[in-house]
$ cat my_file17.txt   # compact mmCIF, C-alpha atoms
# COMPACT_ATOMS: atom_id res chain seq x y z
CA MET A 1 13.91 -5.08 -5.89
CA ASP A 2 15.80 -5.36 -2.69
CA GLU A 3 19.24 -5.12 -4.25
CA GLY A 4 21.58 -2.64 -2.61
CA LYS A 5 19.74 -2.46 0.69
CA ALA A 6 22.33 -4.18 2.88
CA GLY A 7 20.55 -5.32 5.99
CA GLU A 8 17.67 -2.88 5.58
CA GLY A 9 14.43 -4.13 7.05
CA LYS A 10 15.70 -7.68 7.38
CA ALA A 11 15.68 -7.92 11.12
CA GLY A 12 13.74 -4.82 12.08
CA LYS A 13 16.06 -4.44 15.03
CA ASP A 14 16.89 -0.80 14.43
CA LYS A 15 13.33 0.25 13.80
CA ILE A 16 11.51 2.32 16.33
CA SER A 17 7.87 3.13 16.63
CA SER A 18 7.34 6.84 16.76
CA GLY A 19 4.23 6.46 18.91
CA ARG A 20 2.82 9.65 17.43
CA ALA A 21 0.83 10.34 14.29
CA ILE A 22 2.96 11.12 11.26
CA HIS A 23 1.52 13.14 8.39
CA ARG A 24 3.76 13.40 5.32
CA LEU A 25 2.58 15.75 2.58
CA ALA A 26 2.72 14.47 -0.99
CA HIS A 27 4.58 16.44 -3.63
CA SER A 28 3.26 16.49 -7.17
CA ASP A 29 6.17 14.38 -8.46
CA TYR A 30 5.53 11.25 -6.36
CA ARG A 31 7.93 12.31 -3.65
CA TRP A 32 6.96 12.95 -0.04
CA ASP A 33 7.97 15.33 2.73
CA GLY A 34 10.54 13.70 4.96
CA VAL A 35 10.86 10.51 2.89
CA GLU A 36 14.36 9.95 1.60
CA GLU A 37 14.67 9.03 -2.05
CA LEU A 38 17.21 6.24 -2.32
CA PRO A 39 18.56 6.05 -5.84
CA TYR A 40 19.86 2.65 -6.82
CA LYS A 41 23.46 3.01 -7.81
CA GLU A 42 23.71 2.31 -11.55
CA ASP A 43 24.97 -1.20 -11.99
CA ASP A 44 27.91 -2.21 -14.19
CA ARG A 45 26.36 -5.58 -14.89
CA ALA A 46 23.10 -3.89 -15.97
CA LEU A 47 21.19 -5.79 -13.28
CA PHE A 48 18.88 -2.81 -12.87
CA LYS A 49 18.47 0.63 -14.46
CA SER A 50 17.11 4.05 -13.48
CA ILE A 51 15.14 2.97 -10.44
CA THR A 52 14.64 4.77 -7.14
CA ARG A 53 13.18 3.59 -3.85
CA GLN A 54 11.29 5.40 -1.09
CA VAL A 55 10.27 3.67 2.13
CA LEU A 56 6.81 5.05 2.93
CA PHE A 57 5.98 3.02 6.05
CA SER A 58 8.40 1.09 8.25
CA ASP A 59 7.71 0.93 11.97
CA SER A 60 8.35 -1.60 14.70
CA ALA A 61 4.58 -1.71 15.34
CA LEU A 62 3.96 -2.82 11.73
CA ASN A 63 4.64 -6.35 10.47
CA GLY A 64 4.66 -5.12 6.89
CA GLU A 65 6.53 -2.38 5.06
CA LEU A 66 5.27 -0.23 2.22
CA ARG A 67 7.80 1.04 -0.29
CA TYR A 68 7.48 3.08 -3.49
CA PHE A 69 9.70 2.18 -6.43
CA GLU A 70 9.94 4.30 -9.53
CA MET A 71 11.62 3.53 -12.81
CA ALA A 72 12.31 6.21 -15.40
CA ALA A 73 11.04 5.49 -18.92
CA GLY A 74 12.83 2.33 -20.08
CA GLY A 75 14.14 1.59 -16.57
CA PHE A 76 13.87 -1.78 -14.87
CA SER A 77 14.24 -3.47 -11.50
CA THR A 78 16.64 -6.28 -10.64
CA LEU A 79 15.77 -9.75 -11.90
CA GLU A 80 15.68 -11.68 -8.63
CA ARG A 81 13.77 -14.11 -6.44
CA HIS A 82 13.38 -14.65 -2.68
CA GLN A 83 11.31 -16.52 -0.16
CA HIS A 84 9.23 -13.48 0.78
CA MET A 85 6.23 -12.39 -1.25
CA HIS A 86 5.64 -9.09 -3.03
CA ALA A 87 2.24 -7.38 -3.16
CA VAL A 88 2.35 -4.62 -5.79
CA LEU A 89 -0.01 -1.80 -6.83
CA ILE A 90 0.99 0.25 -9.89
CA LEU A 91 0.69 3.86 -8.72
CA ARG A 92 1.67 5.67 -11.94
CA GLY A 93 2.40 4.89 -15.56
CA ARG A 94 2.50 1.51 -17.23
CA GLY A 95 4.88 -1.24 -18.18
CA HIS A 96 5.46 -4.96 -17.95
CA CYS A 97 6.62 -7.48 -15.44
CA LEU A 98 8.07 -10.92 -15.62
CA ILE A 99 6.76 -13.28 -12.93
CA GLY A 100 8.01 -16.83 -13.22
CA HIS A 101 7.82 -17.61 -16.93
CA GLU A 102 5.05 -15.14 -17.65
CA VAL A 103 5.20 -11.59 -18.98
CA LYS A 104 2.31 -9.40 -17.86
CA SER A 105 1.24 -6.02 -19.18
CA LEU A 106 0.63 -3.53 -16.34
CA GLU A 107 -1.57 -0.44 -16.22
CA THR A 108 -2.05 2.18 -13.51
CA ARG A 109 -3.59 0.70 -10.31
CA ASP A 110 -3.26 -2.92 -11.46
CA LEU A 111 -2.49 -5.32 -8.62
CA VAL A 112 0.06 -8.09 -8.89
CA THR A 113 1.58 -10.59 -6.47
CA VAL A 114 4.96 -12.29 -6.72
CA PRO A 115 4.85 -15.70 -4.98
CA PRO A 116 7.80 -17.04 -2.99
CA LEU A 117 10.95 -18.07 -4.91
CA THR A 118 9.63 -16.78 -8.23
CA TRP A 119 11.90 -14.87 -10.64
CA HIS A 120 10.56 -11.38 -11.25
CA GLN A 121 11.44 -8.08 -12.85
CA PHE A 122 9.50 -4.87 -13.52
CA ARG A 123 10.05 -2.64 -16.56
CA ALA A 124 8.63 0.80 -17.34
CA THR A 125 7.44 1.49 -20.90
CA LYS A 126 9.76 3.62 -22.99
CA GLY A 127 7.31 6.52 -22.95
CA GLU A 128 6.94 7.44 -19.27
CA PRO A 129 8.03 6.52 -15.73
CA MET A 130 6.32 3.65 -13.94
CA GLY A 131 5.97 3.76 -10.17
CA PHE A 132 4.56 1.10 -7.88
CA LEU A 133 3.82 0.45 -4.23
CA CYS A 134 5.25 -2.79 -2.88
CA MET A 135 4.17 -4.33 0.41
CA VAL A 136 6.54 -6.88 1.99
CA ASN A 137 7.00 -8.51 5.36
CA ALA A 138 9.20 -6.46 7.68
CA LEU A 139 11.15 -9.64 8.42
CA ARG A 140 12.30 -11.08 5.11
CA ASP A 141 15.10 -12.95 3.40
CA LYS A 142 17.72 -11.54 1.04
CA PRO A 143 17.07 -11.67 -2.72
CA GLN A 144 18.90 -14.22 -4.87
CA LEU A 145 20.30 -13.32 -8.30
CA PRO A 146 20.02 -15.73 -11.24
CA THR A 147 22.99 -17.92 -12.14
CA ALA A 148 24.06 -18.28 -15.78
CA GLU A 149 22.08 -21.53 -15.81
CA ASP A 150 18.93 -19.86 -14.44
CA LEU A 151 19.23 -17.16 -17.12
CA ALA A 152 19.70 -19.72 -19.87
CA ARG A 153 16.57 -21.51 -18.71
CA LEU A 154 14.61 -18.25 -18.68
CA THR A 155 15.80 -16.91 -22.02
CA HIS A 156 14.94 -20.22 -23.64
CA ILE A 157 11.32 -18.98 -23.56
CA PRO A 158 10.88 -16.50 -26.46
CA ALA A 159 8.49 -14.10 -24.64
CA VAL A 160 10.77 -14.02 -21.59
CA LYS A 161 13.86 -13.37 -23.73
CA GLU A 162 12.04 -10.54 -25.49
CA PHE A 163 11.10 -9.05 -22.10
CA LEU A 164 14.61 -9.37 -20.66
CA ASP A 165 16.04 -7.79 -23.81
CA GLY A 166 13.70 -4.81 -23.32
CA ARG A 167 11.71 -5.53 -26.48
CA CYS A 168 8.17 -5.95 -25.21
CA ARG A 169 5.75 -5.83 -28.11
CA ALA A 170 3.31 -3.51 -26.40
CA ASP A 171 5.94 -0.81 -25.86
CA MET B 1 -12.35 1.28 10.03
CA ASP B 2 -12.63 -2.33 11.03
CA GLU B 3 -16.24 -2.13 12.16
CA GLY B 4 -18.50 -4.78 10.74
CA LYS B 5 -15.77 -7.26 9.88
CA ALA B 6 -16.47 -9.87 12.55
CA GLY B 7 -13.37 -11.96 12.88
CA GLU B 8 -11.97 -10.96 9.49
CA GLY B 9 -8.20 -10.97 9.33
CA LYS B 10 -7.89 -11.22 13.08
CA ALA B 11 -6.34 -14.65 13.32
CA GLY B 12 -5.41 -15.28 9.70
CA LYS B 13 -6.36 -18.92 10.24
CA ASP B 14 -8.60 -19.21 7.22
CA LYS B 15 -6.23 -17.52 4.84
CA ILE B 16 -4.46 -19.53 2.21
CA SER B 17 -1.52 -18.60 0.05
CA SER B 18 -2.35 -19.04 -3.61
CA GLY B 19 1.27 -19.90 -4.45
CA ARG B 20 0.81 -18.46 -7.93
CA ALA B 21 1.08 -14.96 -9.31
CA ILE B 22 -2.17 -13.01 -9.20
CA HIS B 23 -2.77 -10.13 -11.61
CA ARG B 24 -5.90 -8.12 -10.99
CA LEU B 25 -6.77 -5.50 -13.60
CA ALA B 26 -7.80 -2.07 -12.35
CA HIS B 27 -11.08 -0.57 -13.46
CA SER B 28 -11.32 3.16 -14.01
CA ASP B 29 -13.56 3.63 -10.95
CA TYR B 30 -11.11 2.37 -8.29
CA ARG B 31 -12.50 -1.14 -8.37
CA TRP B 32 -10.53 -4.23 -9.35
CA ASP B 33 -11.18 -7.49 -11.18
CA GLY B 34 -11.95 -10.24 -8.69
CA VAL B 35 -11.89 -7.97 -5.62
CA GLU B 36 -15.18 -7.94 -3.77
CA GLU B 37 -16.51 -4.55 -2.79
CA LEU B 38 -17.82 -4.78 0.77
CA PRO B 39 -20.25 -1.99 1.47
CA TYR B 40 -20.53 -1.06 5.12
CA LYS B 41 -24.10 -1.47 6.15
CA GLU B 42 -25.46 1.97 6.88
CA ASP B 43 -25.47 2.46 10.62
CA ASP B 44 -28.47 3.58 12.66
CA ARG B 45 -26.24 5.27 15.19
CA ALA B 46 -24.46 7.18 12.39
CA LEU B 47 -21.13 5.63 13.42
CA PHE B 48 -20.03 5.65 9.79
CA LYS B 49 -21.49 6.77 6.47
CA SER B 50 -21.19 5.87 2.79
CA ILE B 51 -17.96 3.92 3.02
CA THR B 52 -16.92 0.76 1.17
CA ARG B 53 -14.00 -1.59 1.70
CA GLN B 54 -11.98 -3.73 -0.71
CA VAL B 55 -9.27 -6.09 0.51
CA LEU B 56 -6.49 -5.81 -2.08
CA PHE B 57 -3.89 -8.12 -0.53
CA SER B 58 -4.43 -10.73 2.18
CA ASP B 59 -2.40 -13.91 2.04
CA SER B 60 -1.00 -16.32 4.62
CA ALA B 61 2.50 -15.55 3.28
CA LEU B 62 2.04 -11.83 4.08
CA ASN B 63 2.25 -10.41 7.61
CA GLY B 64 0.44 -7.28 6.49
CA GLU B 65 -2.82 -6.64 4.68
CA LEU B 66 -3.59 -3.85 2.23
CA ARG B 67 -7.17 -2.61 2.01
CA TYR B 68 -8.81 0.17 0.00
CA PHE B 69 -11.52 2.22 1.69
CA GLU B 70 -13.63 4.71 -0.17
CA MET B 71 -16.05 7.26 1.17
CA ALA B 72 -18.57 9.03 -1.02
CA ALA B 73 -18.56 12.85 -0.84
CA GLY B 74 -19.41 13.72 2.76
CA GLY B 75 -18.95 10.11 3.93
CA PHE B 76 -16.89 9.11 6.95
CA SER B 77 -15.33 6.10 8.65
CA THR B 78 -16.06 4.84 12.16
CA LEU B 79 -14.57 6.81 15.03
CA GLU B 80 -12.57 4.10 16.79
CA ARG B 81 -9.26 3.06 18.30
CA HIS B 82 -7.32 -0.19 18.64
CA GLN B 83 -3.93 -1.52 19.56
CA HIS B 84 -2.86 -2.08 15.95
CA MET B 85 -1.45 0.70 13.83
CA HIS B 86 -2.79 2.10 10.55
CA ALA B 87 -0.52 3.20 7.71
CA VAL B 88 -2.57 5.19 5.20
CA LEU B 89 -1.96 6.59 1.72
CA ILE B 90 -4.70 8.77 0.18
CA LEU B 91 -5.25 7.28 -3.28
CA ARG B 92 -7.95 9.65 -4.57
CA GLY B 93 -9.67 12.84 -3.57
CA ARG B 94 -9.21 14.83 -0.40
CA GLY B 95 -10.63 15.25 3.04
CA HIS B 96 -9.74 15.38 6.72
CA CYS B 97 -8.89 12.99 9.47
CA LEU B 98 -8.98 13.12 13.22
CA ILE B 99 -6.03 11.44 14.89
CA GLY B 100 -5.95 11.75 18.65
CA HIS B 101 -6.91 15.37 19.31
CA GLU B 102 -5.68 16.67 15.99
CA VAL B 103 -7.56 17.35 12.77
CA LYS B 104 -5.44 17.03 9.63
CA SER B 105 -6.21 18.15 6.11
CA LEU B 106 -5.49 15.40 3.58
CA GLU B 107 -4.66 15.63 -0.11
CA THR B 108 -4.13 12.91 -2.73
CA ARG B 109 -1.09 10.72 -1.97
CA ASP B 110 -0.53 12.17 1.52
CA LEU B 111 0.76 9.62 4.02
CA VAL B 112 -0.56 9.36 7.55
CA THR B 113 -0.08 6.94 10.43
CA VAL B 114 -2.47 6.21 13.28
CA PRO B 115 -0.52 5.13 16.38
CA PRO B 116 -1.82 2.42 18.73
CA LEU B 117 -4.88 3.23 20.90
CA THR B 118 -5.48 6.58 19.21
CA TRP B 119 -8.99 7.74 18.32
CA HIS B 120 -9.29 8.28 14.57
CA GLN B 121 -11.82 8.98 11.86
CA PHE B 122 -11.55 9.84 8.15
CA ARG B 123 -13.96 12.15 6.31
CA ALA B 124 -14.24 12.90 2.59
CA THR B 125 -14.83 16.48 1.51
CA LYS B 126 -18.33 17.32 0.43
CA GLY B 127 -17.24 17.73 -3.19
CA GLU B 128 -15.86 14.33 -4.19
CA PRO B 129 -15.12 10.80 -2.94
CA MET B 130 -11.96 10.15 -0.93
CA GLY B 131 -10.27 6.77 -1.19
CA PHE B 132 -7.28 5.53 0.75
CA LEU B 133 -5.03 2.51 1.05
CA CYS B 134 -4.61 1.22 4.59
CA MET B 135 -1.88 -1.22 5.60
CA VAL B 136 -2.42 -3.16 8.83
CA ASN B 137 -0.95 -6.22 10.52
CA ALA B 138 -2.68 -9.44 9.45
CA LEU B 139 -2.94 -10.36 13.13
CA ARG B 140 -4.67 -7.51 14.90
CA ASP B 141 -7.06 -6.65 17.71
CA LYS B 142 -10.70 -5.60 17.40
CA PRO B 143 -11.54 -1.88 17.28
CA GLN B 144 -13.01 -0.15 20.33
CA LEU B 145 -15.82 2.39 20.06
CA PRO B 146 -15.85 5.55 22.18
CA THR B 147 -17.97 5.65 25.34
CA ALA B 148 -20.13 8.68 26.07
CA GLU B 149 -17.30 9.87 28.33
CA ASP B 150 -14.70 9.47 25.60
CA LEU B 151 -16.92 11.45 23.23
CA ALA B 152 -17.46 14.21 25.78
CA ARG B 153 -13.70 14.47 26.25
CA LEU B 154 -13.16 14.68 22.48
CA THR B 155 -15.94 17.16 21.70
CA HIS B 156 -14.63 19.43 24.44
CA ILE B 157 -11.95 20.46 21.91
CA PRO B 158 -13.56 22.95 19.46
CA ALA B 159 -11.67 21.78 16.33
CA VAL B 160 -12.48 18.16 17.13
CA LYS B 161 -16.17 18.95 17.70
CA GLU B 162 -16.28 20.82 14.39
CA PHE B 163 -14.71 17.81 12.66
CA LEU B 164 -17.05 15.27 14.27
CA ASP B 165 -20.04 17.45 13.34
CA GLY B 166 -18.89 17.41 9.70
CA ARG B 167 -18.13 21.13 9.62
CA CYS B 168 -14.45 21.26 8.67
CA ARG B 169 -13.53 24.76 7.67
CA ALA B 170 -11.62 23.71 4.56
CA ASP B 171 -14.62 21.88 3.10
$ encode --input "my_file17.txt" --output "structure tokens"
Amino acid sequence: MDEGKAGEGKAGKDKISSGRAIHRLAHSDYRWDGVEELPYKEDDRALFKSITRQVLFSDSALNGELRYFEMAAGGFSTLERHQHMHAVLILRGRGHCLIGHEVKSLETRDLVTVPPLTWHQFRATKGEPMGFLCMVNALRDKPQLPTAEDLARLTHIPAVKEFLDGRCRAD
Amino acid sequence: MDEGKAGEGKAGKDKISSGRAIHRLAHSDYRWDGVEELPYKEDDRALFKSITRQVLFSDSALNGELRYFEMAAGGFSTLERHQHMHAVLILRGRGHCLIGHEVKSLETRDLVTVPPLTWHQFRATKGEPMGFLCMVNALRDKPQLPTAEDLARLTHIPAVKEFLDGRCRAD
């Protein structure tokens, strides 16, 4: 989920602490006053699809960051792994995620963690957008993409192949 | 909001990283499978009222923690300040908060930060519960309570006094 964020948040060097209270009003469409919506560029290799990112909290006084990712119906995040951990709360909609070799069905407000160096991907159902909060360490490593060998190993598992092909039974 | 949590999360020494993916199903009432609901003991001095706490994410691999606090209609959190920062997202309901000398009206999904050493308190409206997510550093200092002098200084400001007395105009 960190694809396309060259350098962002990795070192925290450029971050400043505002030192004053910030109040950002919520819009009805899961956007916020003063929070930039960063669309992922569509990817030729189909690594991800129809996903946007908003950084809700990032401050030099905070050791964590809170981001909001949203996938349109049928959209998905990058299949990746990294040393840092993800702590995810589904804020809207439903879908599935792959974590390691397991496919999990996700409903609104479900909690899910992604342990270090574990392949993961999130997919919205085909019926509606899925949005989730993701807490990470402010200082974190860069995501790794799967090699052809990694992919072969993953798609060898029928349920994982089905998930990666966008054919989850529950959809 | 950290009142009554002697030692919890302060040093992170006792925390372990599970190393495996955790999926906690959400219940309809803003409770989660396997997450303990920690009711604040009701306080004789009326420092807080009708508030519960659930720790959603706390892991030695995470430098932040995510907690969910919920106040019943008319409930409120402890008036306190500390060196560590709060990053808050209103998950359900509406209410008000005091941050420094300012009273803010809060709606579902609003974002608000509490800067270091700033007096703060959250209050649910009288009509419905208000619940919020609060991200903090895993390593953090203990909250301070206001002295009689601090309180006198705060209640000298009419809008603050109104808030502390539970008489917010928008209620």
$ atom_distance --input "my_file17.txt" --atom1 "CA of Val114 (chain B)" --atom2 "CA of Val88 (chain B)"
8.1 Å
$ atom_distance --input "my_file17.txt" --atom1 "CA of Thr108 (chain B)" --atom2 "CA of Leu89 (chain B)"
8.0 Å
$ closest_atom_pairs --input "my_file17.txt" --of "chain A" --to "chain B" --cutoff "6 Å" --atoms "all atoms listed in the file" --output "JSON lines"
{"residue": "A:Gly19", "atom": "CA", "partner": "B:Pro115", "partner_atom": "CA", "distance": 5.5}
{"residue": "A:Arg20", "atom": "CA", "partner": "B:Pro115", "partner_atom": "CA", "distance": 5.7}
{"residue": "A:Ala21", "atom": "CA", "partner": "B:Thr113", "partner_atom": "CA", "distance": 5.2}
{"residue": "A:Ile22", "atom": "CA", "partner": "B:Thr113", "partner_atom": "CA", "distance": 5.2}
{"residue": "A:His23", "atom": "CA", "partner": "B:Val112", "partner_atom": "CA", "distance": 4.4}
{"residue": "A:Arg24", "atom": "CA", "partner": "B:Leu111", "partner_atom": "CA", "distance": 5.0}
{"residue": "A:Leu25", "atom": "CA", "partner": "B:Asp110", "partner_atom": "CA", "distance": 4.9}
{"residue": "A:Ala26", "atom": "CA", "partner": "B:Asp110", "partner_atom": "CA", "distance": 4.7}
{"residue": "A:Asn63", "atom": "CA", "partner": "B:Asn63", "partner_atom": "CA", "distance": 5.5}
{"residue": "A:Gly64", "atom": "CA", "partner": "B:Gly64", "partner_atom": "CA", "distance": 4.8}
{"residue": "A:Arg109", "atom": "CA", "partner": "B:Ala26", "partner_atom": "CA", "distance": 5.4}
{"residue": "A:Asp110", "atom": "CA", "partner": "B:Ala26", "partner_atom": "CA", "distance": 4.7}
{"residue": "A:Leu111", "atom": "CA", "partner": "B:Arg24", "partner_atom": "CA", "distance": 5.0}
{"residue": "A:Val112", "atom": "CA", "partner": "B:His23", "partner_atom": "CA", "distance": 4.4}
{"residue": "A:Thr113", "atom": "CA", "partner": "B:Ile22", "partner_atom": "CA", "distance": 5.2}
{"residue": "A:Val114", "atom": "CA", "partner": "B:Ala21", "partner_atom": "CA", "distance": 5.4}
{"residue": "A:Pro115", "atom": "CA", "partner": "B:Gly19", "partner_atom": "CA", "distance": 5.5}
{"residue": "A:Asn137", "atom": "CA", "partner": "B:Asn63", "partner_atom": "CA", "distance": 5.6}
$ write_last_selection --input "my_file17.txt" --atoms "C-alpha atoms" --output "mmCIF file, keeping the file's coordinate frame"
data_model
loop_
_atom_site.group_PDB
_atom_site.id
_atom_site.type_symbol
_atom_site.label_atom_id
_atom_site.label_comp_id
_atom_site.auth_asym_id
_atom_site.auth_seq_id
_atom_site.Cartn_x
_atom_site.Cartn_y
_atom_site.Cartn_z
ATOM 1 C CA GLY A 19 4.230 6.460 18.910
ATOM 2 C CA ARG A 20 2.820 9.650 17.430
ATOM 3 C CA ALA A 21 0.830 10.340 14.290
ATOM 4 C CA ILE A 22 2.960 11.120 11.260
ATOM 5 C CA HIS A 23 1.520 13.140 8.390
ATOM 6 C CA ARG A 24 3.760 13.400 5.320
ATOM 7 C CA LEU A 25 2.580 15.750 2.580
ATOM 8 C CA ALA A 26 2.720 14.470 -0.990
ATOM 9 C CA ASN A 63 4.640 -6.350 10.470
ATOM 10 C CA GLY A 64 4.660 -5.120 6.890
ATOM 11 C CA ARG A 109 -3.590 0.700 -10.310
ATOM 12 C CA ASP A 110 -3.260 -2.920 -11.460
ATOM 13 C CA LEU A 111 -2.490 -5.320 -8.620
ATOM 14 C CA VAL A 112 0.060 -8.090 -8.890
ATOM 15 C CA THR A 113 1.580 -10.590 -6.470
ATOM 16 C CA VAL A 114 4.960 -12.290 -6.720
ATOM 17 C CA PRO A 115 4.850 -15.700 -4.980
ATOM 18 C CA ASN A 137 7.000 -8.510 5.360
#
$ residues_near_point --input "my_file17.txt" --point "(-13.6, 7.3, 19.7)" --cutoff "9 Å" --atoms "all atoms listed in the file" --output "list in words"
Thr78, Leu79, Glu80, Arg81, Gly100, Thr118, Trp119, His120, Gln121, Gln144, Leu145, Pro146, Thr147, Asp150, Leu151 and Leu154 of chain B
$ atom_distance --input "my_file17.txt" --atom1 "CA of Pro158 (chain B)" --atom2 "CA of Cys97 (chain B)"
14.9 Å
$ residues_near_point --input "my_file17.txt" --point "(-19.1, 19.9, -3.1)" --cutoff "10 Å" --atoms "only C-alpha atoms" --output "PyMOL selection string"
chain B and resi 73-74+125-129+171
$ write_last_selection --input "my_file17.txt" --atoms "C-alpha atoms" --output "compact mmCIF listing (two decimals), in the frame of the given file"
# COMPACT_ATOMS: atom_id res chain seq x y z
CA ALA B 73 -18.56 12.85 -0.84
CA GLY B 74 -19.41 13.72 2.76
CA THR B 125 -14.83 16.48 1.51
CA LYS B 126 -18.33 17.32 0.43
CA GLY B 127 -17.24 17.73 -3.19
CA GLU B 128 -15.86 14.33 -4.19
CA PRO B 129 -15.12 10.80 -2.94
CA ASP B 171 -14.62 21.88 3.10
$ closest_residue --input "my_file17.txt" --among "B:Arg67, B:Arg123, B:Lys49, B:Arg94" --to "Arg167 (chain B)" --atoms "all atoms listed in the file"
B:Arg123
$ closest_residue --input "my_file17.txt" --among "B:Arg92, B:Lys15, B:His101, B:His82" --to "Ile157 (chain B)" --atoms "all atoms listed in the file"
B:His101
$ residues_around --input "my_file17.txt" --residues "Phe76 (chain B)" --least-positions-apart "5" --cutoff "10 Å" --atoms "only C-alpha atoms" --output "list of chain:residue names"
B:Met1, B:Ala46, B:Leu47, B:Phe48, B:Lys49, B:Ser50, B:Ile51, B:Glu70, B:Met71, B:Gly95, B:His96, B:Cys97, B:Gln121, B:Phe122, B:Arg123, B:Ala124, B:Thr125, B:Met130, B:Leu164, B:Gly166
$ write_last_selection --input "my_file17.txt" --atoms "C-alpha atoms" --output "mmCIF file, keeping the file's coordinate frame"
data_model
loop_
_atom_site.group_PDB
_atom_site.id
_atom_site.type_symbol
_atom_site.label_atom_id
_atom_site.label_comp_id
_atom_site.auth_asym_id
_atom_site.auth_seq_id
_atom_site.Cartn_x
_atom_site.Cartn_y
_atom_site.Cartn_z
ATOM 1 C CA MET B 1 -12.350 1.280 10.030
ATOM 2 C CA ALA B 46 -24.460 7.180 12.390
ATOM 3 C CA LEU B 47 -21.130 5.630 13.420
ATOM 4 C CA PHE B 48 -20.030 5.650 9.790
ATOM 5 C CA LYS B 49 -21.490 6.770 6.470
ATOM 6 C CA SER B 50 -21.190 5.870 2.790
ATOM 7 C CA ILE B 51 -17.960 3.920 3.020
ATOM 8 C CA GLU B 70 -13.630 4.710 -0.170
ATOM 9 C CA MET B 71 -16.050 7.260 1.170
ATOM 10 C CA GLY B 95 -10.630 15.250 3.040
ATOM 11 C CA HIS B 96 -9.740 15.380 6.720
ATOM 12 C CA CYS B 97 -8.890 12.990 9.470
ATOM 13 C CA GLN B 121 -11.820 8.980 11.860
ATOM 14 C CA PHE B 122 -11.550 9.840 8.150
ATOM 15 C CA ARG B 123 -13.960 12.150 6.310
ATOM 16 C CA ALA B 124 -14.240 12.900 2.590
ATOM 17 C CA THR B 125 -14.830 16.480 1.510
ATOM 18 C CA MET B 130 -11.960 10.150 -0.930
ATOM 19 C CA LEU B 164 -17.050 15.270 14.270
ATOM 20 C CA GLY B 166 -18.890 17.410 9.700
#
$ closest_residue --input "my_file17.txt" --among "A:Asp141, A:Glu149, A:Asp165, A:Glu37" --to "Tyr68 (chain A)" --atoms "all atoms listed in the file"
A:Glu37
$ axis_aligned_box --input "my_file17.txt" --around "region 131-139 of chain A" --padding-each-side "3 Å" --output "lines of an AutoDock Vina configuration file"
center_x = 7.5
center_y = -2.9
center_z = -0.9
size_x = 13.3
size_y = 19.4
size_z = 24.6
